[in-house]
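Asker: This one is work_8.txt, compact mmCIF, C-alpha atoms.
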# COMPACT_ATOMS: atom_id res chain seq x y z
CA MET A 1 6.47 4.51 -26.70
CA SER A 2 4.85 6.02 -23.65
CA PRO A 3 6.76 7.18 -20.57
CA VAL A 4 7.63 4.73 -17.86
CA LEU A 5 4.93 4.39 -15.22
CA ARG A 6 5.96 5.95 -11.96
CA LEU A 7 4.64 4.26 -8.82
CA LEU A 8 1.95 6.26 -7.10
CA PRO A 9 1.32 6.45 -3.35
CA LEU A 10 -1.74 4.24 -3.84
CA LEU A 11 0.40 1.51 -5.36
CA ALA A 12 2.81 1.70 -2.45
CA TRP A 13 -0.16 1.39 -0.12
CA ALA A 14 -1.33 -1.69 -2.01
CA LEU A 15 2.02 -3.38 -1.50
CA VAL A 16 2.35 -2.75 2.25
CA VAL A 17 2.09 -6.02 4.18
CA ARG A 18 0.32 -5.83 7.52
CA ALA A 19 0.71 -8.51 10.18
CA ALA A 20 -2.57 -10.21 9.23
CA ASP A 21 -1.64 -10.24 5.57
CA SER A 22 1.00 -12.98 5.72
CA VAL A 23 0.69 -16.67 6.60
CA VAL A 24 3.28 -19.45 6.66
CA LEU A 25 2.12 -23.03 6.15
CA VAL A 26 4.27 -25.90 7.42
CA SER A 27 3.83 -29.56 8.33
CA ALA A 28 4.31 -30.56 11.96
CA ALA A 29 7.30 -32.72 11.02
CA THR A 30 8.99 -29.83 9.21
CA ARG A 31 8.04 -27.28 11.87
CA TYR A 32 9.86 -29.20 14.56
CA ASP A 33 12.93 -30.11 12.56
CA GLU A 34 15.73 -27.93 13.98
CA GLY A 35 17.13 -26.80 10.64
CA TRP A 36 13.81 -26.20 8.90
CA ALA A 37 12.44 -24.40 11.96
CA LYS A 38 14.99 -21.65 11.20
CA VAL A 39 13.47 -21.24 7.75
CA VAL A 40 10.00 -20.85 9.26
CA ALA A 41 11.33 -18.41 11.86
CA ALA A 42 12.99 -16.28 9.19
CA LEU A 43 9.73 -15.85 7.29
CA GLU A 44 7.73 -15.36 10.48
CA SER A 45 10.05 -12.58 11.59
CA ALA A 46 10.47 -10.87 8.22
CA HIS A 47 6.74 -10.61 7.51
CA GLU A 48 5.16 -10.77 11.00
CA ALA A 49 3.49 -13.88 9.63
CA LYS A 50 0.99 -16.19 11.26
CA VAL A 51 2.32 -19.77 11.26
CA LEU A 52 -0.27 -22.48 10.58
CA VAL A 53 0.70 -26.14 11.09
CA PHE A 54 -0.86 -29.13 9.33
CA ARG A 55 -0.35 -32.88 9.73
CA ALA A 56 -0.54 -34.37 6.23
CA SER A 57 -1.54 -31.69 3.70
CA PRO A 58 -1.94 -27.89 3.53
CA SER A 59 -5.53 -28.53 2.41
CA GLU A 60 -6.32 -29.16 6.09
CA LEU A 61 -5.91 -25.42 6.66
CA GLN A 62 -8.58 -24.14 4.25
CA ASP A 63 -10.91 -22.99 7.05
CA GLU A 64 -8.04 -21.24 8.84
CA LEU A 65 -7.10 -19.40 5.66
CA ARG A 66 -10.70 -18.33 5.14
CA ARG A 67 -10.65 -16.80 8.61
CA HIS A 68 -7.35 -14.99 8.14
CA GLN A 69 -7.92 -13.87 4.52
CA PRO A 70 -4.18 -13.30 3.95
CA ARG A 71 -2.67 -11.63 0.93
CA PHE A 72 0.52 -13.73 1.06
CA VAL A 73 0.88 -17.44 1.81
CA THR A 74 4.23 -19.25 1.93
CA TRP A 75 4.53 -23.01 2.27
CA VAL A 76 7.81 -24.16 3.83
CA ALA A 77 8.24 -27.69 2.50
CA ARG A 78 10.94 -30.33 2.49
CA PRO A 79 11.46 -31.96 -0.93
CA GLY A 80 9.70 -35.16 0.11
CA GLU A 81 6.50 -33.19 0.70
CA LEU A 82 6.30 -31.87 -2.86
CA GLY A 83 5.73 -33.42 -6.30
CA PRO A 84 2.90 -32.52 -8.73
CA LYS A 85 0.34 -32.59 -5.89
CA ALA A 86 1.94 -29.51 -4.36
CA ALA A 87 0.85 -27.22 -7.19
CA VAL A 88 -2.67 -28.68 -7.23
CA VAL A 89 -3.11 -28.26 -3.47
CA MET A 90 -1.92 -24.65 -3.40
CA HIS A 91 -3.89 -23.51 -6.45
CA ARG A 92 -7.06 -24.99 -4.98
CA LEU A 93 -6.43 -23.46 -1.57
CA ALA A 94 -6.06 -20.05 -3.21
CA ARG A 95 -9.04 -20.50 -5.50
CA GLU A 96 -11.43 -21.87 -2.90
CA ASN A 97 -10.70 -19.34 -0.20
CA ASP A 98 -13.96 -17.53 -1.03
CA ALA A 99 -16.86 -17.76 -3.45
CA ASP A 100 -15.37 -16.08 -6.52
CA PRO A 101 -13.48 -18.17 -9.12
CA TYR A 102 -10.15 -16.33 -8.72
CA GLU A 103 -7.09 -16.99 -6.58
CA ASP A 104 -7.26 -15.00 -3.38
CA PHE A 105 -3.63 -14.67 -2.32
CA GLN A 106 -0.11 -14.61 -3.68
CA TRP A 107 1.61 -17.84 -2.74
CA GLY A 108 4.98 -19.51 -3.01
CA VAL A 109 6.81 -22.62 -1.86
CA VAL A 110 10.10 -22.23 0.01
CA THR A 111 12.17 -25.39 -0.29
CA GLY A 112 15.68 -26.63 -1.04
CA LEU A 113 17.90 -29.68 -1.05
CA ASN A 114 18.34 -28.98 2.66
CA ALA A 115 17.31 -26.34 5.19
CA GLU A 116 20.42 -24.26 4.50
CA HIS A 117 19.49 -23.95 0.84
CA ALA A 118 15.85 -23.21 1.69
CA LEU A 119 16.99 -20.37 3.93
CA ARG A 120 18.38 -18.63 0.85
CA LEU A 121 14.86 -18.49 -0.59
CA ALA A 122 13.42 -17.36 2.74
CA MET A 123 16.06 -14.62 3.06
CA PRO A 124 16.73 -13.58 -0.57
CA GLY A 125 18.16 -10.17 0.32
CA LYS A 126 17.38 -6.76 -1.11
CA PRO A 127 14.87 -6.36 -3.95
CA LEU A 128 16.21 -7.43 -7.35
CA VAL A 129 16.19 -4.98 -10.25
CA ILE A 130 16.57 -7.13 -13.36
CA ARG A 131 18.92 -5.47 -15.82
CA THR A 132 20.33 -8.47 -17.73
CA VAL A 133 17.99 -11.11 -19.14
CA GLY A 134 19.36 -14.33 -20.63
CA ALA A 135 17.47 -17.12 -22.36
CA GLY A 136 17.65 -20.42 -24.17
CA THR A 137 14.90 -19.18 -26.51
CA SER A 138 13.99 -15.87 -28.13
CA PHE A 139 12.18 -13.21 -26.10
CA ALA A 140 11.29 -9.50 -26.38
CA MET A 141 14.84 -8.32 -25.83
CA GLU A 142 13.87 -4.69 -26.47
CA CYS A 143 12.06 -4.74 -23.10
CA ALA A 144 15.27 -5.44 -21.15
CA GLU A 145 18.16 -3.06 -20.48
CA GLN A 146 20.53 -5.69 -21.85
CA GLY A 147 20.46 -9.40 -22.55
CA TYR A 148 21.18 -12.40 -24.73
CA TRP A 149 19.51 -15.51 -26.06
CA PHE A 150 20.51 -18.78 -27.69
CA SER A 151 18.20 -20.28 -30.27
CA GLU A 152 16.43 -23.54 -29.49
CA PHE A 153 15.52 -23.91 -33.19
CA LYS A 154 18.72 -23.20 -35.15
CA ALA A 155 22.20 -24.39 -34.25
CA GLY A 156 24.65 -21.57 -33.77
CA GLU A 157 22.08 -18.76 -33.72
CA ALA A 158 22.59 -16.31 -30.87
CA TRP A 159 21.57 -12.72 -30.17
CA GLU A 160 22.59 -10.09 -27.69
CA LYS A 161 21.64 -6.57 -26.72
CA PRO A 162 24.27 -4.38 -25.04
CA ALA A 163 23.25 -1.70 -22.57
CA GLY A 164 22.02 1.29 -24.54
CA GLY A 165 22.15 -0.65 -27.80
CA VAL A 166 19.79 -2.64 -29.99
CA PRO A 167 19.47 -6.42 -30.41
CA ARG A 168 21.95 -7.89 -32.89
CA GLU A 169 22.83 -11.37 -34.08
CA VAL A 170 26.25 -12.63 -32.99
CA THR A 171 28.37 -15.62 -33.93
CA GLY A 172 27.48 -18.61 -31.77
CA GLN A 173 28.71 -22.19 -31.43
CA LYS A 174 26.61 -25.02 -32.82
CA ASP A 175 26.75 -26.53 -29.33
CA SER A 176 25.67 -23.75 -26.97
CA THR A 177 26.28 -25.68 -23.73
CA ALA A 178 29.59 -24.13 -22.70
CA ALA A 179 28.47 -20.62 -23.72
CA ILE A 180 25.28 -20.85 -21.63
CA VAL A 181 27.21 -21.93 -18.53
CA ALA A 182 29.84 -19.23 -19.10
CA ARG A 183 27.19 -16.52 -19.39
CA LEU A 184 25.51 -17.61 -16.16
CA ASN A 185 28.79 -18.09 -14.29
CA ALA A 186 29.86 -14.56 -15.21
CA GLY A 187 27.44 -13.39 -12.52
CA HIS A 188 25.48 -10.76 -14.47
CA THR A 189 22.31 -12.62 -15.47
CA ASP A 190 19.35 -11.56 -13.29
CA LEU A 191 16.65 -13.51 -15.14
CA PHE A 192 17.05 -16.71 -17.14
CA ILE A 193 14.30 -18.06 -19.43
CA THR A 194 14.21 -21.54 -20.95
CA SER A 195 12.08 -23.66 -23.26
CA GLY A 196 12.66 -26.92 -25.13
CA HIS A 197 12.50 -30.56 -24.06
CA ALA A 198 12.99 -31.19 -20.34
CA THR A 199 12.16 -33.40 -17.39
CA GLU A 200 12.80 -33.11 -13.67
CA HIS A 201 16.32 -34.34 -14.38
CA ASP A 202 17.44 -32.78 -17.65
CA TRP A 203 17.09 -29.92 -20.13
CA GLN A 204 17.82 -30.05 -23.86
CA PRO A 205 18.54 -26.51 -25.12
CA GLY A 206 18.38 -27.69 -28.74
CA TYR A 207 14.72 -28.28 -29.60
CA ARG A 208 15.06 -28.87 -33.37
CA TYR A 209 18.73 -29.76 -33.57
CA ARG A 210 21.34 -31.85 -31.76
CA ASN A 211 22.94 -29.90 -28.92
CA GLY A 212 24.45 -30.67 -25.55
CA THR A 213 22.27 -31.40 -22.54
CA PHE A 214 21.95 -30.16 -18.98
CA GLY A 215 21.55 -32.44 -16.00
CA HIS A 216 22.36 -32.36 -12.29
CA GLN A 217 24.34 -34.17 -9.65
CA ASP A 218 24.37 -33.53 -5.90
CA GLY A 219 22.70 -30.16 -6.28
CA VAL A 220 24.89 -28.90 -9.14
CA ILE A 221 23.63 -28.16 -12.66
CA LEU A 222 25.97 -29.80 -15.20
CA GLY A 223 26.17 -28.86 -18.86
CA LYS A 224 27.26 -31.88 -20.90
CA ALA A 225 28.62 -30.80 -24.27
CA LEU A 226 28.66 -32.90 -27.42
CA ASP A 227 32.47 -33.13 -27.28
CA GLY A 228 32.25 -34.82 -23.87
CA GLY A 229 33.14 -31.74 -21.86
CA VAL A 230 31.28 -31.16 -18.59
CA HIS A 231 30.60 -27.58 -17.52
CA ARG A 232 29.58 -26.94 -13.90
CA LEU A 233 27.15 -24.18 -13.07
CA ALA A 234 28.39 -22.01 -10.21
CA SER A 235 26.33 -18.83 -10.43
CA ALA A 236 25.82 -17.38 -6.98
CA ASN A 237 24.25 -14.02 -7.83
CA PRO A 238 20.53 -13.93 -6.88
CA LYS A 239 18.29 -14.40 -9.89
CA VAL A 240 14.88 -15.59 -11.01
CA TYR A 241 14.33 -18.51 -13.38
CA LEU A 242 11.46 -19.02 -15.81
CA PRO A 243 11.44 -22.43 -17.51
CA ILE A 244 8.09 -21.39 -18.93
CA GLY A 245 8.27 -23.61 -22.00
CA ASN A 246 9.75 -26.70 -20.32
CA CYS A 247 7.93 -29.85 -19.28
CA LEU A 248 8.33 -30.91 -15.65
CA MET A 249 11.13 -28.48 -14.70
CA GLY A 250 9.03 -27.24 -11.77
CA ASN A 251 8.44 -30.71 -10.34
CA VAL A 252 10.36 -31.73 -7.23
CA PRO A 253 10.01 -35.53 -7.08
CA GLY A 254 11.22 -35.90 -3.50
CA GLY A 255 14.97 -35.28 -3.83
CA ASP A 256 17.78 -34.02 -6.04
CA CYS A 257 16.39 -32.66 -9.30
CA MET A 258 16.79 -29.78 -11.75
CA ALA A 259 14.67 -27.29 -9.78
CA LEU A 260 16.52 -27.82 -6.50
CA SER A 261 19.86 -27.75 -8.31
CA TRP A 262 19.04 -24.46 -10.04
CA MET A 263 18.40 -23.08 -6.55
CA ALA A 264 21.56 -24.62 -5.10
CA SER A 265 24.17 -23.92 -7.80
CA GLY A 266 22.38 -21.36 -9.96
CA GLY A 267 21.50 -18.66 -7.45
CA VAL A 268 17.77 -18.98 -8.16
CA ARG A 269 15.62 -17.28 -5.51
CA GLN A 270 12.28 -17.39 -7.34
CA MET A 271 11.11 -19.74 -10.07
CA VAL A 272 7.94 -20.59 -12.00
CA GLY A 273 7.67 -23.96 -13.72
CA TYR A 274 5.37 -26.76 -14.83
CA VAL A 275 5.01 -29.85 -12.63
CA GLN A 276 3.65 -31.96 -15.51
CA PRO A 277 4.44 -32.15 -19.25
CA THR A 278 3.28 -28.90 -20.82
CA TRP A 279 1.35 -28.81 -24.09
CA PHE A 280 -1.09 -25.87 -23.91
CA GLY A 281 1.18 -23.22 -22.46
CA TYR A 282 -1.13 -20.44 -21.27
CA ALA A 283 0.00 -20.56 -17.63
CA GLY A 284 3.67 -20.61 -18.56
CA TRP A 285 4.36 -18.42 -21.58
CA GLY A 286 1.85 -15.78 -20.50
CA VAL A 287 4.03 -14.83 -17.52
CA LEU A 288 6.31 -13.12 -20.05
CA ASP A 289 3.39 -10.97 -21.26
CA TYR A 290 3.20 -9.36 -17.83
CA PHE A 291 6.70 -9.70 -16.42
CA VAL A 292 9.02 -9.03 -19.37
CA GLU A 293 6.82 -7.19 -21.85
CA GLN A 294 5.53 -4.66 -19.29
CA PRO A 295 8.97 -3.95 -17.79
CA GLY A 296 8.86 -2.71 -14.22
CA ARG A 297 5.08 -2.84 -13.84
CA PHE A 298 4.89 -6.18 -11.99
CA ASN A 299 7.25 -8.16 -9.81
CA LEU A 300 7.44 -11.88 -10.59
CA SER A 301 4.91 -12.96 -7.97
CA GLN A 302 2.41 -10.40 -9.28
CA ALA A 303 3.07 -11.26 -12.94
CA TRP A 304 2.52 -14.97 -12.33
CA LEU A 305 -0.68 -14.25 -10.39
CA ALA A 306 -1.91 -11.75 -12.99
CA ASN A 307 -1.46 -14.35 -15.71
CA HIS A 308 -3.24 -16.94 -13.59
CA GLN A 309 -6.19 -14.61 -12.96
CA ALA A 310 -6.27 -14.05 -16.73
CA LEU A 311 -6.48 -17.84 -17.22
CA LEU A 312 -9.35 -18.15 -14.72
CA TRP A 313 -11.14 -15.20 -16.35
CA ARG A 314 -10.75 -16.85 -19.73
CA LEU A 315 -12.35 -20.01 -18.38
CA GLN A 316 -15.33 -17.88 -17.35
CA GLU A 317 -15.43 -16.50 -20.88
CA VAL A 318 -15.47 -20.05 -22.27
CA ALA A 319 -18.41 -20.88 -20.02
CA ALA A 320 -20.22 -17.76 -21.25
CA GLY A 321 -19.63 -18.69 -24.88
CA ARG A 322 -17.41 -15.70 -25.65
CA VAL A 323 -14.25 -17.80 -26.10
CA PRO A 324 -14.03 -20.98 -28.21
CA ALA A 325 -14.95 -24.09 -26.26
CA THR A 326 -11.87 -25.78 -27.70
CA ASP A 327 -9.78 -23.77 -25.20
CA ARG A 328 -11.46 -25.35 -22.20
CA ARG A 329 -9.36 -28.52 -21.99
CA GLY A 330 -6.05 -26.66 -22.20
CA LEU A 331 -7.06 -23.97 -19.72
CA GLU A 332 -8.35 -26.53 -17.24
CA PHE A 333 -5.09 -28.47 -17.52
CA ASP A 334 -2.90 -25.39 -17.04
CA ARG A 335 -5.00 -24.16 -14.09
CA ASP A 336 -3.20 -26.37 -11.54
CA MET A 337 0.06 -27.25 -13.32
CA THR A 338 2.49 -24.40 -12.58
CA ILE A 339 4.19 -23.74 -9.27
CA PHE A 340 5.94 -20.71 -7.76
CA TYR A 341 9.08 -21.31 -5.73
CA GLY A 342 10.38 -18.61 -3.41
CA ASP A 343 9.08 -16.02 -0.98
CA PRO A 344 6.12 -14.28 -2.71
CA HIS A 345 6.90 -11.07 -0.79
CA TRP A 346 10.30 -10.67 -2.46
CA ASP A 347 10.32 -7.97 -5.10
CA ALA A 348 12.13 -9.01 -8.29
CA ARG A 349 11.15 -7.01 -11.38
CA LEU A 350 12.64 -5.73 -14.62
CA ALA A 351 14.24 -2.32 -14.63
CA PRO A 352 11.67 0.21 -15.89
CA GLY A 353 11.51 0.15 -19.66
CA PRO A 354 9.27 1.12 -22.57
CA LEU A 355 5.56 0.62 -21.92
CA ARG A 356 2.89 0.72 -24.60
CA TRP A 357 0.40 2.27 -22.22
CA THR A 358 0.53 4.02 -18.87
CA GLU A 359 -1.68 3.26 -15.89
CA THR A 360 -2.60 5.22 -12.78
CA LEU A 361 -4.63 4.23 -9.75
CA THR A 362 -6.13 7.23 -7.98
CA ALA A 363 -7.78 7.14 -4.54
CA LEU A 364 -10.73 9.55 -4.56
CA ALA A 365 -12.03 11.49 -1.57
CA SER A 366 -15.22 9.40 -1.78
CA GLY A 367 -13.22 6.27 -0.98
CA GLU A 368 -13.55 5.06 -4.54
CA VAL A 369 -10.64 4.24 -6.83
CA GLU A 370 -10.12 5.21 -10.46
CA TRP A 371 -7.97 3.09 -12.77
CA THR A 372 -6.92 5.13 -15.79
CA ILE A 373 -5.23 3.64 -18.84
CA VAL A 374 -3.67 5.91 -21.47
CA PRO A 375 -2.59 4.23 -24.74
CA GLY A 376 0.80 5.38 -25.99
CA ALA A 377 1.61 3.32 -29.09
CA GLY A 378 -1.36 3.96 -31.35
CA GLN A 379 -2.84 0.87 -32.96
CA ARG A 380 0.07 -1.22 -31.65
CA THR A 381 -0.80 -0.42 -28.03
CA PHE A 382 -2.58 -3.70 -27.30
CA ALA A 383 -0.97 -5.88 -29.96
CA PRO A 384 1.31 -8.76 -28.92
CA VAL A 385 4.87 -7.67 -28.20
CA ASP A 386 6.41 -11.09 -28.89
CA THR A 387 4.81 -14.27 -30.21
CA ASN A 388 7.46 -16.90 -29.48
CA GLY A 389 5.92 -19.74 -27.51
CA SER A 390 2.35 -20.88 -27.04
CA GLN A 391 -0.87 -18.97 -26.30
CA ARG A 392 0.91 -15.62 -26.60
CA GLY A 393 -0.65 -12.17 -26.66
CA GLY A 394 -4.16 -10.97 -25.98
CA ARG A 395 -3.76 -10.99 -22.21
CA PRO A 396 -6.20 -8.77 -20.30
CA LEU A 397 -4.90 -5.71 -18.50
CA VAL A 398 -4.55 -6.27 -14.74
CA ALA A 399 -3.95 -3.91 -11.83
CA PHE A 400 -3.60 -4.85 -8.17
CA LEU A 401 -5.70 -3.02 -5.57
CA PRO A 402 -5.49 -2.72 -1.79
CA ARG A 403 -6.64 -6.00 -0.30
CA HIS A 404 -10.33 -6.11 0.64
CA ALA A 405 -11.79 -9.44 1.74
CA ALA A 406 -15.33 -8.55 0.64
CA GLY A 407 -14.04 -7.64 -2.80
CA TRP A 408 -14.38 -4.67 -5.12
CA GLU A 409 -17.14 -3.77 -7.54
CA ILE A 410 -17.18 -1.79 -10.77
CA LEU A 411 -19.07 1.50 -10.53
CA GLY A 412 -18.58 2.99 -13.94
CA GLY A 413 -16.41 3.43 -16.95
CA GLU A 414 -15.44 0.32 -18.85
CA THR A 415 -18.31 -2.12 -18.24
CA GLN A 416 -16.38 -5.22 -19.32
CA ALA A 417 -13.97 -4.86 -16.40
CA VAL A 418 -13.94 -7.51 -13.66
CA ALA A 419 -12.93 -6.89 -10.04
CA ALA A 420 -12.25 -9.28 -7.18
CA ASP A 421 -10.57 -9.17 -3.74
CA ASP A 422 -7.41 -7.32 -4.72
CA PHE A 423 -7.30 -6.81 -8.47
CA VAL A 424 -9.18 -5.38 -11.42
CA LEU A 425 -9.03 -6.88 -14.91
CA LEU A 426 -9.93 -5.37 -18.28
CA PRO A 427 -10.20 -7.49 -21.44
CA ASN A 428 -7.54 -6.66 -24.03
CA PRO A 429 -9.30 -4.90 -26.93
CA GLY A 430 -6.72 -6.26 -29.38
CA PRO A 431 -5.00 -4.53 -32.31
CA ASP A 432 -8.09 -4.38 -34.57
CA VAL A 433 -10.22 -2.13 -32.35
CA PRO A 434 -9.85 1.68 -32.58
CA VAL A 435 -7.74 2.87 -29.66
CA PRO A 436 -9.44 5.48 -27.42
CA PRO A 437 -7.44 8.36 -25.92
CA ARG A 438 -7.96 6.89 -22.45
CA VAL A 439 -9.97 4.29 -20.54
CA VAL A 440 -11.24 4.89 -17.01
CA VAL A 441 -12.64 2.29 -14.61
CA ARG A 442 -14.13 3.41 -11.30
CA LEU A 443 -14.35 0.98 -8.37
CA ARG A 444 -15.43 0.85 -4.77
CA LYS A 445 -15.22 -1.67 -1.94
CA ARG A 446 -18.24 -3.90 -1.61
Since I need it in another form, could you write the structure as structure tokens?

Answerer:
Amino acid sequence: MSPVLRLLPLLAWALVVRAADSVVLVSAATRYDEGWAKVVAALESAHEAKVLVFRASPSELQDELRRHQPRFVTWVARPGELGPKAAVVMHRLARENDADPYEDFQWGVVTGLNAEHALRLAMPGKPLVIRTVGAGTSFAMECAEQGYWFSEFKAGEAWEKPAGGVPREVTGQKDSTAAIVARLNAGHTDLFITSGHATEHDWQPGYRYRNGTFGHQDGVILGKALDGGVHRLASANPKVYLPIGNCLMGNVPGGDCMALSWMASGGVRQMVGYVQPTWFGYAGWGVLDYFVEQPGRFNLSQAWLANHQALLWRLQEVAAGRVPATDRRGLEFDRDMTIFYGDPHWDARLAPGPLRWTETLTALASGEVEWTIVPGAGQRTFAPVDTNGSQRGGRPLVAFLPRHAAGWEILGGETQAVAADDFVLLPNPGPDVPVPPRVVVRLRKR
């Protein structure tokens, strides 16, 4: 494995947020509600954000966003303002902010059962270094410092990885409900990943076998075991939640639901989930390709956006005939069906871990930028790390650049690279192509 990528001054520069880079969207009714006004004020103060007010829908503010060209957009929304339409509106706002087909800002929705809960998302605290990863499905545990997962396919199967150790199978209960709640309530889990059957109001951790279920009541996640026992989730430590394989877990249908209860009783400060039943999976499972399987390279907001830019790029490849046309329907469905909850500025990322390739971004005296990629795992460098889920592996390489409204252009090096307002993307060569000693892409501002 190659050494861990160390952040360069250029990367730090790319992450600095200037006053014009941050915008808060809020409805007039929410803006002038005393409790919710505090949520808006917290974001406005923390990020020197411009507050834009709409009457009925954030889509009214498209022209304003085109003028401001922000890098970060946060929608402060009461639960009654959300539902599946929320994801559609925000994706389209981001995608239609200029002429290219990609999303033009990192965005998130700050919400909660009430204003007090929403304030936790608006003021999540210090950056989160994710050291312990838990899951209700298998994941690339070797990428985390330590972790555990419960199988959704086989009753009683469970795995764990201690700090400094290797993954090992451990004895688990056929009903994992109590064990899942106990793990989360212990206060060490920084990231929780789930799959399996779900709706806005329940989660079934057993996908192919009979297990307990999870529901909610008055903002509390409740694990209901097969023996009739009820286990209350009370996990206050800040964490991020990825129900990337669950239907509907990201939907907030106007009031108490699983998503809001994970935030209220589960300590969730950022979350990515589907707002409709998921069947294709590219927009969900692919977040793991960037966030977990490149440990430390991206925070969650960046990983979700990188995966979404990859989806939009793949749609362009379908149109050009380079990707099977059978992918079109699934990609078009996934394009507007995931939502990001939380402040997109907040930095939550895995502790640095093994990377199959290193990357550097170098600012040249000419004003140009060089993106250099050095493979470090031979023919396995660009192979999938983990294949559990749907539409796994093969994701293009993505690096974020300093924001430039007119966009970037490729000058030389790898000619298949694509650049837009604040990122550069390189198609994944896959495991069957000879691996070069290095790849260099040179860019400049348009």

Asker: As a list of chain:residue names, please: the residues near Gly228 (chain A) (cut-off 12 Å, all atoms listed in the file, same-chain neighbours under 5 positions excluded).

Answerer: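 With the cut-off at 12 Å, the set is A:Asp175, A:Thr177, A:Ala178, A:Asn211, A:Gly212, A:Thr213, A:Leu222, A:Gly223.
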
Asker: My list of candidates is A:Cys247, A:Val23, A:Val40, A:Val424. Which is closest to Trp279 (chain A) when distances are computed with only C-alpha atoms?

Answerer: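 Once distances to Trp279 (chain A) are computed over only C-alpha atoms, the minimum belongs to A:Cys247.
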
Asker: Considering all atoms listed in the file, can you say which of A:Ser138, A:Gln62, A:Asn237, A:Gln69 comes closest to Val268 (chain A)?

Answerer: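 So, comparing all the options, the nearest one is A:Asn237.
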
Asker: For each of A:His201, A:Arg210, A:Arg183, A:Arg31, take the minimum atom-to-atom distance to Asp256 (chain A), counting only C-alpha atoms, then give the residue where this is smallest.

Answerer: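 Closest residue, counting only C-alpha atoms: A:His201.
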
Asker: Give, as AutoDock Vina command-line options, the centre coordinates and the x, y and z edge lengths in Å to one decimal for an axis-aligned box around all listed atoms of region 421-428 of chain A, padded by 3 Å on each side.

Answerer:
--center_x -8.9 --center_y -7.3 --center_z -13.9 --size_x 9.3 --size_y 9.8 --size_z 26.3

Asker: Please determine, counting only C-alpha atoms, which residue among A:Asp190, A:Glu157, A:Asp347, A:Glu142 has the shortest atom-to-atom distance to Val385 (chain A).

Answerer: A:Glu142
